[in-house]
$ cat protein15.txt   # compact mmCIF, C-alpha atoms
# COMPACT_ATOMS: atom_id res chain seq x y z
CA MET B 1 0.00 0.00 0.00
CA ALA B 2 2.86 2.38 0.76
CA ALA B 3 4.40 1.54 -2.62
CA GLY B 4 1.08 2.41 -4.27
CA LEU B 5 0.97 5.76 -2.47
CA ARG B 6 4.54 6.53 -3.47
CA ALA B 7 3.68 5.60 -7.08
CA VAL B 8 0.68 7.96 -7.03
CA ARG B 9 2.85 10.80 -5.87
CA ARG B 10 5.40 9.95 -8.55
CA TRP B 11 2.72 9.90 -11.24
CA GLY B 12 1.54 13.30 -10.03
CA LEU B 13 4.96 14.75 -10.80
CA VAL B 14 5.51 13.04 -14.13
CA VAL B 15 2.99 14.80 -16.36
CA ALA B 16 2.58 12.29 -19.17
CA ALA B 17 -0.08 14.36 -20.86
CA ALA B 18 0.78 13.22 -24.40
CA PRO B 19 -1.14 10.22 -25.76
CA PRO B 20 0.80 6.97 -25.52
CA PRO B 21 2.99 6.12 -28.54
CA PRO B 22 1.19 3.76 -30.94
CA GLY B 23 3.30 0.76 -30.00
CA LEU B 24 2.25 1.01 -26.34
CA ALA B 25 -1.43 1.83 -26.87
CA PHE B 26 -2.61 -1.69 -26.07
CA THR B 27 -0.31 -2.38 -23.16
CA ARG B 28 -0.94 -1.47 -19.57
CA SER B 29 2.15 0.13 -18.15
CA ALA B 30 2.90 2.63 -15.42
CA PHE B 31 4.84 4.69 -17.96
CA VAL B 32 1.76 5.71 -19.96
CA VAL B 33 -0.54 6.76 -17.15
CA LYS B 34 -2.15 10.20 -17.19
CA LYS B 35 -2.23 12.59 -14.30
CA MET B 36 -5.58 12.48 -12.53
CA ASN B 37 -7.54 15.71 -12.45
CA ASN B 38 -10.00 15.71 -9.60
CA ALA B 39 -10.82 19.40 -9.94
CA GLN B 40 -12.98 18.86 -13.05
CA PRO B 41 -15.55 16.17 -12.42
CA ASN B 42 -16.44 13.75 -15.15
CA TRP B 43 -20.11 14.73 -15.24
CA LEU B 44 -21.10 11.75 -17.35
CA ARG B 45 -19.82 9.36 -14.71
CA VAL B 46 -21.43 11.40 -11.92
CA GLY B 47 -24.77 11.34 -13.72
CA LEU B 48 -24.51 7.62 -14.42
CA ALA B 49 -23.65 6.88 -10.79
CA PHE B 50 -26.57 8.90 -9.42
CA SER B 51 -29.06 7.54 -11.95
CA THR B 52 -27.90 3.96 -11.30
CA SER B 53 -28.33 4.51 -7.56
CA ALA B 54 -31.81 5.96 -8.06
CA ALA B 55 -32.78 3.04 -10.31
CA LEU B 56 -31.45 0.52 -7.80
CA TRP B 57 -33.38 2.11 -4.93
CA ALA B 58 -36.56 2.25 -7.00
CA PHE B 59 -36.18 -1.42 -7.95
CA LEU B 60 -35.43 -2.43 -4.35
CA ILE B 61 -38.43 -0.57 -2.90
CA LYS B 62 -40.71 -1.91 -5.63
CA GLN B 63 -39.50 -5.46 -5.05
CA HIS B 64 -39.99 -5.12 -1.29
CA ASN B 65 -43.57 -3.89 -1.72
CA GLU B 66 -44.30 -6.72 -4.15
CA ASP B 67 -42.86 -9.23 -1.68
CA VAL B 68 -45.09 -7.88 1.10
CA MET B 69 -48.18 -8.05 -1.11
CA GLU B 70 -47.34 -11.57 -2.30
CA TYR B 71 -46.81 -12.79 1.28
CA GLU B 72 -50.13 -11.32 2.39
CA ARG B 73 -51.89 -12.76 -0.64
CA ARG B 74 -50.55 -16.27 -0.01
CA ASN B 75 -51.32 -16.30 3.67
CA LYS B 76 -54.74 -14.72 3.43
CA ARG B 77 -56.36 -18.03 2.44
CA GLY B 78 -55.01 -19.93 5.42
CA HIS B 79 -52.60 -22.25 3.49
CA LYS B 80 -55.47 -23.93 1.67
CA CYS B 81 -54.01 -23.40 -1.80
CA THR B 82 -51.61 -26.07 -2.99
CA GLU B 83 -49.91 -24.54 -5.97
CA CYS B 84 -47.96 -21.70 -4.38
CA SER B 85 -46.24 -23.12 -1.27
CA MET O 1 -30.88 -24.15 -7.52
CA ALA O 2 -32.30 -20.67 -7.88
CA PHE O 3 -31.02 -17.96 -5.59
CA LEU O 4 -34.54 -17.27 -4.30
CA PRO O 5 -37.02 -20.05 -5.17
CA ASP O 6 -40.66 -19.23 -5.58
CA GLU O 7 -41.64 -20.69 -2.21
CA SER O 8 -39.39 -18.16 -0.49
CA ARG O 9 -42.09 -15.60 -1.30
CA SER O 10 -44.38 -17.34 1.20
CA LEU O 11 -42.10 -16.14 3.98
CA PRO O 12 -42.62 -12.70 5.51
CA PRO O 13 -40.19 -10.41 3.69
CA PRO O 14 -37.54 -8.83 5.91
CA PRO O 15 -37.77 -5.05 6.44
CA LEU O 16 -35.96 -2.94 3.86
CA LEU O 17 -33.34 -1.79 6.37
CA ASN O 18 -32.36 -4.98 8.14
CA LYS O 19 -29.09 -5.99 9.73
CA GLY O 20 -27.69 -7.31 6.44
CA SER O 21 -28.60 -4.43 4.19
CA VAL O 22 -27.55 -1.76 6.71
CA TRP O 23 -24.23 -3.43 7.42
CA LEU O 24 -23.34 -4.06 3.76
CA GLY O 25 -24.50 -0.54 2.87
CA PHE O 26 -22.13 0.78 5.51
CA VAL O 27 -19.35 -1.44 4.14
CA GLY O 28 -19.97 -0.07 0.64
CA TRP O 29 -19.86 3.51 1.93
CA LEU O 30 -16.67 2.74 3.81
CA SER O 31 -15.03 1.32 0.70
CA ALA O 32 -15.88 4.55 -1.17
CA LEU O 33 -14.27 6.52 1.68
CA LEU O 34 -11.22 4.25 1.53
CA ASP O 35 -10.98 4.81 -2.23
CA ASN O 36 -10.96 8.57 -1.54
CA ALA O 37 -8.24 8.14 1.07
CA TYR O 38 -6.00 6.01 -1.16
CA ASN O 39 -6.25 8.52 -4.00
CA HIS O 40 -5.40 11.54 -1.86
CA ARG O 41 -8.85 13.09 -2.09
CA PRO O 42 -10.81 14.63 0.79
CA VAL O 43 -12.31 11.59 2.47
CA PHE O 44 -15.90 12.68 3.12
CA ARG O 45 -16.47 15.62 0.84
CA SER O 46 -15.33 14.17 -2.47
CA GLY O 47 -16.88 11.56 -4.71
CA VAL O 48 -20.37 11.79 -3.21
CA HIS O 49 -21.75 10.01 -6.27
CA ARG O 50 -19.33 7.17 -5.59
CA GLN O 51 -20.31 7.01 -1.90
CA VAL O 52 -24.01 6.93 -2.77
CA LEU O 53 -23.53 4.27 -5.46
CA PHE O 54 -21.42 1.95 -3.32
CA ALA O 55 -23.76 2.30 -0.33
CA THR O 56 -26.76 1.57 -2.56
CA LEU O 57 -25.09 -1.51 -4.03
CA GLY O 58 -24.28 -2.72 -0.51
CA CYS O 59 -27.88 -2.27 0.65
CA PHE O 60 -29.19 -4.07 -2.42
CA VAL O 61 -26.84 -7.04 -2.09
CA GLY O 62 -27.46 -7.18 1.67
CA TYR O 63 -31.21 -7.28 1.23
CA GLN O 64 -31.03 -10.16 -1.28
CA LEU O 65 -28.59 -12.08 0.93
CA VAL O 66 -30.81 -11.68 4.01
CA LYS O 67 -33.80 -12.96 2.05
CA ARG O 68 -31.79 -15.99 0.96
CA ALA O 69 -30.52 -16.62 4.49
CA GLU O 70 -34.04 -16.45 5.95
CA TYR O 71 -35.25 -18.86 3.27
CA MET O 72 -32.46 -21.36 4.05
CA HIS O 73 -33.17 -21.17 7.78
CA ALA O 74 -36.91 -21.62 7.24
CA LYS O 75 -36.28 -24.60 4.96
CA VAL O 76 -34.09 -26.30 7.55
CA ASP O 77 -36.67 -25.58 10.28
CA ARG O 78 -39.44 -27.06 8.15
CA GLU O 79 -37.42 -30.23 7.54
CA LEU O 80 -36.63 -30.47 11.25
CA PHE O 81 -40.27 -30.15 12.30
CA GLU O 82 -41.33 -32.66 9.63
CA TYR O 83 -38.82 -35.14 11.01
CA VAL O 84 -40.04 -34.58 14.56
CA ARG O 85 -43.61 -35.04 13.38
CA HIS O 86 -42.78 -38.31 11.61
CA HIS O 87 -40.81 -39.75 14.54
CA PRO O 88 -42.89 -38.99 17.65
CA VAL O 89 -41.44 -41.98 19.48
CA ASP O 90 -38.01 -40.37 19.60
CA PHE O 91 -39.34 -37.08 20.91
CA GLN O 92 -41.51 -38.04 23.85
CA ALA O 93 -41.89 -35.67 26.77
CA LYS O 94 -39.78 -36.25 29.84
CA THR O 95 -42.53 -38.36 31.57
CA GLY O 96 -42.00 -41.23 29.05

$ encode --input "protein15.txt" --output "structure tokens"
Amino acid sequence: MAAGLRAVRRWGLVVAAAPPPPGLAFTRSAFVVKKMNNAQPNWLRVGLAFSTSAALWAFLIKQHNEDVMEYERRNKRGHKCTECS
Amino acid sequence: MAFLPDESRSLPPPPLLNKGSVWLGFVGWLSALLDNAYNHRPVFRSGVHRQVLFATLGCFVGYQLVKRAEYMHAKVDRELFEYVRHHPVDFQAKTG
């Protein structure tokens, strides 16, 4: 973990802003990493994250309400039905 | 076998915020905070979208896991009580 932190600091100093040379475009190497810029948010990713969270919560709450209704429906008849449980 | 068979819907569903979903939601939030810390960002104030997403994922996974755990426990209990019902001789009260 300390090596990773040292590497991050090193990458912050080495501004490799140019695109990687064509021969290295498909390799993953510490020499072709870009400096991270946290001051300008990637709004697409922010929007995707928030919309995914909202969709997940909506699905979860909907599924919970359906589960409650299904449980009440099955147990309303006093276990007389044979095809559900 | 399915993760949640159809007969698991006959069980009372756990509340939305139960011990599993709250704990895994907290773990997801904590992992977002750790990601901030490892990348030299302000721990609480940055990446709020990331914190919300990870916490939501944790709650979701926790809820499904708690439903599965309750189904497994109920299944084992049902098999246990069926066995006791079919073998009354072995389970007499202390007077016998």

$ interface_residues --input "protein15.txt" --of "chain B" --to "chain O" --cutoff "8 Å" --atoms "only C-alpha atoms" --output "PyMOL selection string"
chain B and resi 5+8+46+49-50+52-53+56-57+60-61+64+67-68+70-71+74-75+84-85

$ atom_distance --input "protein15.txt" --atom1 "atom CA of O:Trp29" --atom2 "atom CA of B:Glu66"
27.2 Å

$ atom_distance --input "protein15.txt" --atom1 "atom CA of O:Val66" --atom2 "atom CA of O:Leu80"
21.0 Å

$ residues_near_point --input "protein15.txt" --point "(-33.4, -18.6, -3.1)" --cutoff "9 Å" --atoms "all atoms listed in the file" --output "ChimeraX atom specification"
/O:1-8,64,67-69,71-72

$ write_last_selection --input "protein15.txt" --atoms "C-alpha atoms" --output "PDB file, in the frame of the given file"
ATOM      1  CA  MET O   1     -30.880 -24.150  -7.520  1.00  0.00           C
ATOM      2  CA  ALA O   2     -32.300 -20.670  -7.880  1.00  0.00           C
ATOM      3  CA  PHE O   3     -31.020 -17.960  -5.590  1.00  0.00           C
ATOM      4  CA  LEU O   4     -34.540 -17.270  -4.300  1.00  0.00           C
ATOM      5  CA  PRO O   5     -37.020 -20.050  -5.170  1.00  0.00           C
ATOM      6  CA  ASP O   6     -40.660 -19.230  -5.580  1.00  0.00           C
ATOM      7  CA  GLU O   7     -41.640 -20.690  -2.210  1.00  0.00           C
ATOM      8  CA  SER O   8     -39.390 -18.160  -0.490  1.00  0.00           C
ATOM      9  CA  GLN O  64     -31.030 -10.160  -1.280  1.00  0.00           C
ATOM     10  CA  LYS O  67     -33.800 -12.960   2.050  1.00  0.00           C
ATOM     11  CA  ARG O  68     -31.790 -15.990   0.960  1.00  0.00           C
ATOM     12  CA  ALA O  69     -30.520 -16.620   4.490  1.00  0.00           C
ATOM     13  CA  TYR O  71     -35.250 -18.860   3.270  1.00  0.00           C
ATOM     14  CA  MET O  72     -32.460 -21.360   4.050  1.00  0.00           C
TER      15      MET O  72
END

$ atom_distance --input "protein15.txt" --atom1 "atom CA of B:Asn38" --atom2 "atom CA of O:Pro42"
10.5 Å

$ residues_around --input "protein15.txt" --residues "O:Val61" --least-positions-apart "6" --cutoff "9 Å" --atoms "only C-alpha atoms" --output "ChimeraX atom specification"
/O:20-21,24-25

$ decode --input "protein15.txt" --residues "stretch 41-76 of chain O" --atoms "N, CA, C and O atoms" --output "PDB file, in the first residue's frame"
ATOM      1  N   ARG O  41      -7.749  12.142  -1.960  1.00  0.00           N
ATOM      2  CA  ARG O  41      -8.849  13.088  -2.092  1.00  0.00           C
ATOM      3  C   ARG O  41      -9.404  13.344  -0.698  1.00  0.00           C
ATOM      4  O   ARG O  41      -9.179  12.549   0.207  1.00  0.00           O
ATOM      5  N   PRO O  42     -10.146  14.440  -0.509  1.00  0.00           N
ATOM      6  CA  PRO O  42     -10.806  14.630   0.793  1.00  0.00           C
ATOM      7  C   PRO O  42     -11.755  13.467   1.054  1.00  0.00           C
ATOM      8  O   PRO O  42     -12.547  13.101   0.199  1.00  0.00           O
ATOM      9  N   VAL O  43     -11.675  12.901   2.261  1.00  0.00           N
ATOM     10  CA  VAL O  43     -12.309  11.593   2.474  1.00  0.00           C
ATOM     11  C   VAL O  43     -13.828  11.679   2.385  1.00  0.00           C
ATOM     12  O   VAL O  43     -14.476  10.881   1.710  1.00  0.00           O
ATOM     13  N   PHE O  44     -14.441  12.659   3.062  1.00  0.00           N
ATOM     14  CA  PHE O  44     -15.904  12.677   3.124  1.00  0.00           C
ATOM     15  C   PHE O  44     -16.521  13.552   2.048  1.00  0.00           C
ATOM     16  O   PHE O  44     -17.613  13.295   1.599  1.00  0.00           O
ATOM     17  N   ARG O  45     -15.810  14.628   1.672  1.00  0.00           N
ATOM     18  CA  ARG O  45     -16.467  15.620   0.843  1.00  0.00           C
ATOM     19  C   ARG O  45     -16.363  15.323  -0.645  1.00  0.00           C
ATOM     20  O   ARG O  45     -17.033  15.948  -1.442  1.00  0.00           O
ATOM     21  N   SER O  46     -15.508  14.394  -1.040  1.00  0.00           N
ATOM     22  CA  SER O  46     -15.331  14.175  -2.471  1.00  0.00           C
ATOM     23  C   SER O  46     -15.991  12.864  -2.891  1.00  0.00           C
ATOM     24  O   SER O  46     -16.200  11.963  -2.085  1.00  0.00           O
ATOM     25  N   GLY O  47     -16.333  12.806  -4.156  1.00  0.00           N
ATOM     26  CA  GLY O  47     -16.884  11.565  -4.710  1.00  0.00           C
ATOM     27  C   GLY O  47     -18.185  11.158  -4.074  1.00  0.00           C
ATOM     28  O   GLY O  47     -18.392   9.984  -3.780  1.00  0.00           O
ATOM     29  N   VAL O  48     -19.095  12.123  -3.866  1.00  0.00           N
ATOM     30  CA  VAL O  48     -20.365  11.789  -3.215  1.00  0.00           C
ATOM     31  C   VAL O  48     -21.149  10.803  -4.069  1.00  0.00           C
ATOM     32  O   VAL O  48     -21.818   9.908  -3.551  1.00  0.00           O
ATOM     33  N   HIS O  49     -21.036  10.954  -5.405  1.00  0.00           N
ATOM     34  CA  HIS O  49     -21.753  10.005  -6.269  1.00  0.00           C
ATOM     35  C   HIS O  49     -21.235   8.597  -6.064  1.00  0.00           C
ATOM     36  O   HIS O  49     -21.999   7.632  -6.076  1.00  0.00           O
ATOM     37  N   ARG O  50     -19.931   8.493  -5.816  1.00  0.00           N
ATOM     38  CA  ARG O  50     -19.332   7.173  -5.588  1.00  0.00           C
ATOM     39  C   ARG O  50     -19.809   6.608  -4.264  1.00  0.00           C
ATOM     40  O   ARG O  50     -20.154   5.424  -4.158  1.00  0.00           O
ATOM     41  N   GLN O  51     -19.862   7.483  -3.216  1.00  0.00           N
ATOM     42  CA  GLN O  51     -20.309   7.005  -1.898  1.00  0.00           C
ATOM     43  C   GLN O  51     -21.750   6.524  -1.981  1.00  0.00           C
ATOM     44  O   GLN O  51     -22.098   5.461  -1.452  1.00  0.00           O
ATOM     45  N   VAL O  52     -22.601   7.306  -2.662  1.00  0.00           N
ATOM     46  CA  VAL O  52     -24.010   6.927  -2.770  1.00  0.00           C
ATOM     47  C   VAL O  52     -24.145   5.618  -3.539  1.00  0.00           C
ATOM     48  O   VAL O  52     -24.891   4.708  -3.138  1.00  0.00           O
ATOM     49  N   LEU O  53     -23.406   5.480  -4.640  1.00  0.00           N
ATOM     50  CA  LEU O  53     -23.530   4.267  -5.463  1.00  0.00           C
ATOM     51  C   LEU O  53     -23.076   3.032  -4.706  1.00  0.00           C
ATOM     52  O   LEU O  53     -23.758   2.001  -4.711  1.00  0.00           O
ATOM     53  N   PHE O  54     -21.930   3.126  -4.026  1.00  0.00           N
ATOM     54  CA  PHE O  54     -21.423   1.949  -3.317  1.00  0.00           C
ATOM     55  C   PHE O  54     -22.338   1.573  -2.160  1.00  0.00           C
ATOM     56  O   PHE O  54     -22.585   0.390  -1.891  1.00  0.00           O
ATOM     57  N   ALA O  55     -22.856   2.602  -1.439  1.00  0.00           N
ATOM     58  CA  ALA O  55     -23.760   2.302  -0.330  1.00  0.00           C
ATOM     59  C   ALA O  55     -25.043   1.654  -0.852  1.00  0.00           C
ATOM     60  O   ALA O  55     -25.564   0.706  -0.251  1.00  0.00           O
ATOM     61  N   THR O  56     -25.552   2.161  -1.980  1.00  0.00           N
ATOM     62  CA  THR O  56     -26.764   1.574  -2.558  1.00  0.00           C
ATOM     63  C   THR O  56     -26.531   0.128  -2.964  1.00  0.00           C
ATOM     64  O   THR O  56     -27.362  -0.751  -2.697  1.00  0.00           O
ATOM     65  N   LEU O  57     -25.405  -0.134  -3.622  1.00  0.00           N
ATOM     66  CA  LEU O  57     -25.091  -1.509  -4.025  1.00  0.00           C
ATOM     67  C   LEU O  57     -25.015  -2.422  -2.812  1.00  0.00           C
ATOM     68  O   LEU O  57     -25.522  -3.555  -2.838  1.00  0.00           O
ATOM     69  N   GLY O  58     -24.388  -1.913  -1.724  1.00  0.00           N
ATOM     70  CA  GLY O  58     -24.282  -2.716  -0.513  1.00  0.00           C
ATOM     71  C   GLY O  58     -25.644  -3.040   0.072  1.00  0.00           C
ATOM     72  O   GLY O  58     -25.918  -4.182   0.458  1.00  0.00           O
ATOM     73  N   CYS O  59     -26.528  -2.034   0.131  1.00  0.00           N
ATOM     74  CA  CYS O  59     -27.876  -2.270   0.653  1.00  0.00           C
ATOM     75  C   CYS O  59     -28.600  -3.296  -0.201  1.00  0.00           C
ATOM     76  O   CYS O  59     -29.267  -4.208   0.314  1.00  0.00           O
ATOM     77  N   PHE O  60     -28.479  -3.158  -1.516  1.00  0.00           N
ATOM     78  CA  PHE O  60     -29.190  -4.066  -2.421  1.00  0.00           C
ATOM     79  C   PHE O  60     -28.720  -5.500  -2.218  1.00  0.00           C
ATOM     80  O   PHE O  60     -29.518  -6.422  -2.017  1.00  0.00           O
ATOM     81  N   VAL O  61     -27.395  -5.687  -2.247  1.00  0.00           N
ATOM     82  CA  VAL O  61     -26.841  -7.038  -2.093  1.00  0.00           C
ATOM     83  C   VAL O  61     -27.193  -7.591  -0.717  1.00  0.00           C
ATOM     84  O   VAL O  61     -27.560  -8.763  -0.569  1.00  0.00           O
ATOM     85  N   GLY O  62     -27.135  -6.721   0.313  1.00  0.00           N
ATOM     86  CA  GLY O  62     -27.457  -7.180   1.666  1.00  0.00           C
ATOM     87  C   GLY O  62     -28.896  -7.639   1.792  1.00  0.00           C
ATOM     88  O   GLY O  62     -29.190  -8.654   2.431  1.00  0.00           O
ATOM     89  N   TYR O  63     -29.809  -6.902   1.171  1.00  0.00           N
ATOM     90  CA  TYR O  63     -31.211  -7.284   1.232  1.00  0.00           C
ATOM     91  C   TYR O  63     -31.431  -8.650   0.592  1.00  0.00           C
ATOM     92  O   TYR O  63     -32.108  -9.515   1.150  1.00  0.00           O
ATOM     93  N   GLN O  64     -30.851  -8.873  -0.608  1.00  0.00           N
ATOM     94  CA  GLN O  64     -31.031 -10.157  -1.277  1.00  0.00           C
ATOM     95  C   GLN O  64     -30.419 -11.287  -0.458  1.00  0.00           C
ATOM     96  O   GLN O  64     -30.998 -12.382  -0.347  1.00  0.00           O
ATOM     97  N   LEU O  65     -29.241 -11.031   0.144  1.00  0.00           N
ATOM     98  CA  LEU O  65     -28.593 -12.085   0.926  1.00  0.00           C
ATOM     99  C   LEU O  65     -29.407 -12.424   2.163  1.00  0.00           C
ATOM    100  O   LEU O  65     -29.507 -13.594   2.552  1.00  0.00           O
ATOM    101  N   VAL O  66     -29.998 -11.403   2.819  1.00  0.00           N
ATOM    102  CA  VAL O  66     -30.806 -11.676   4.011  1.00  0.00           C
ATOM    103  C   VAL O  66     -32.039 -12.481   3.634  1.00  0.00           C
ATOM    104  O   VAL O  66     -32.427 -13.421   4.346  1.00  0.00           O
ATOM    105  N   LYS O  67     -32.634 -12.160   2.470  1.00  0.00           N
ATOM    106  CA  LYS O  67     -33.797 -12.955   2.047  1.00  0.00           C
ATOM    107  C   LYS O  67     -33.401 -14.405   1.832  1.00  0.00           C
ATOM    108  O   LYS O  67     -34.101 -15.335   2.227  1.00  0.00           O
ATOM    109  N   ARG O  68     -32.242 -14.618   1.215  1.00  0.00           N
ATOM    110  CA  ARG O  68     -31.785 -15.986   0.956  1.00  0.00           C
ATOM    111  C   ARG O  68     -31.488 -16.706   2.271  1.00  0.00           C
ATOM    112  O   ARG O  68     -31.849 -17.868   2.447  1.00  0.00           O
ATOM    113  N   ALA O  69     -30.853 -15.991   3.212  1.00  0.00           N
ATOM    114  CA  ALA O  69     -30.520 -16.619   4.492  1.00  0.00           C
ATOM    115  C   ALA O  69     -31.787 -17.002   5.237  1.00  0.00           C
ATOM    116  O   ALA O  69     -31.879 -18.093   5.816  1.00  0.00           O
ATOM    117  N   GLU O  70     -32.793 -16.126   5.255  1.00  0.00           N
ATOM    118  CA  GLU O  70     -34.040 -16.453   5.945  1.00  0.00           C
ATOM    119  C   GLU O  70     -34.725 -17.634   5.282  1.00  0.00           C
ATOM    120  O   GLU O  70     -35.299 -18.491   5.969  1.00  0.00           O
ATOM    121  N   TYR O  71     -34.646 -17.719   3.950  1.00  0.00           N
ATOM    122  CA  TYR O  71     -35.253 -18.859   3.266  1.00  0.00           C
ATOM    123  C   TYR O  71     -34.543 -20.149   3.660  1.00  0.00           C
ATOM    124  O   TYR O  71     -35.190 -21.171   3.951  1.00  0.00           O
ATOM    125  N   MET O  72     -33.199 -20.143   3.702  1.00  0.00           N
ATOM    126  CA  MET O  72     -32.460 -21.361   4.049  1.00  0.00           C
ATOM    127  C   MET O  72     -32.785 -21.799   5.473  1.00  0.00           C
ATOM    128  O   MET O  72     -32.983 -22.980   5.748  1.00  0.00           O
ATOM    129  N   HIS O  73     -32.850 -20.809   6.395  1.00  0.00           N
ATOM    130  CA  HIS O  73     -33.174 -21.168   7.775  1.00  0.00           C
ATOM    131  C   HIS O  73     -34.582 -21.734   7.888  1.00  0.00           C
ATOM    132  O   HIS O  73     -34.827 -22.725   8.611  1.00  0.00           O
ATOM    133  N   ALA O  74     -35.538 -21.128   7.175  1.00  0.00           N
ATOM    134  CA  ALA O  74     -36.914 -21.618   7.240  1.00  0.00           C
ATOM    135  C   ALA O  74     -37.010 -23.020   6.645  1.00  0.00           C
ATOM    136  O   ALA O  74     -37.754 -23.874   7.156  1.00  0.00           O
ATOM    137  N   LYS O  75     -36.251 -23.269   5.600  1.00  0.00           N
ATOM    138  CA  LYS O  75     -36.281 -24.600   4.964  1.00  0.00           C
ATOM    139  C   LYS O  75     -35.758 -25.647   5.947  1.00  0.00           C
ATOM    140  O   LYS O  75     -36.357 -26.722   6.109  1.00  0.00           O
ATOM    141  N   VAL O  76     -34.651 -25.333   6.607  1.00  0.00           N
ATOM    142  CA  VAL O  76     -34.091 -26.299   7.555  1.00  0.00           C
ATOM    143  C   VAL O  76     -35.056 -26.523   8.719  1.00  0.00           C
ATOM    144  O   VAL O  76     -35.261 -27.654   9.173  1.00  0.00           O
TER     145      VAL O  76
END
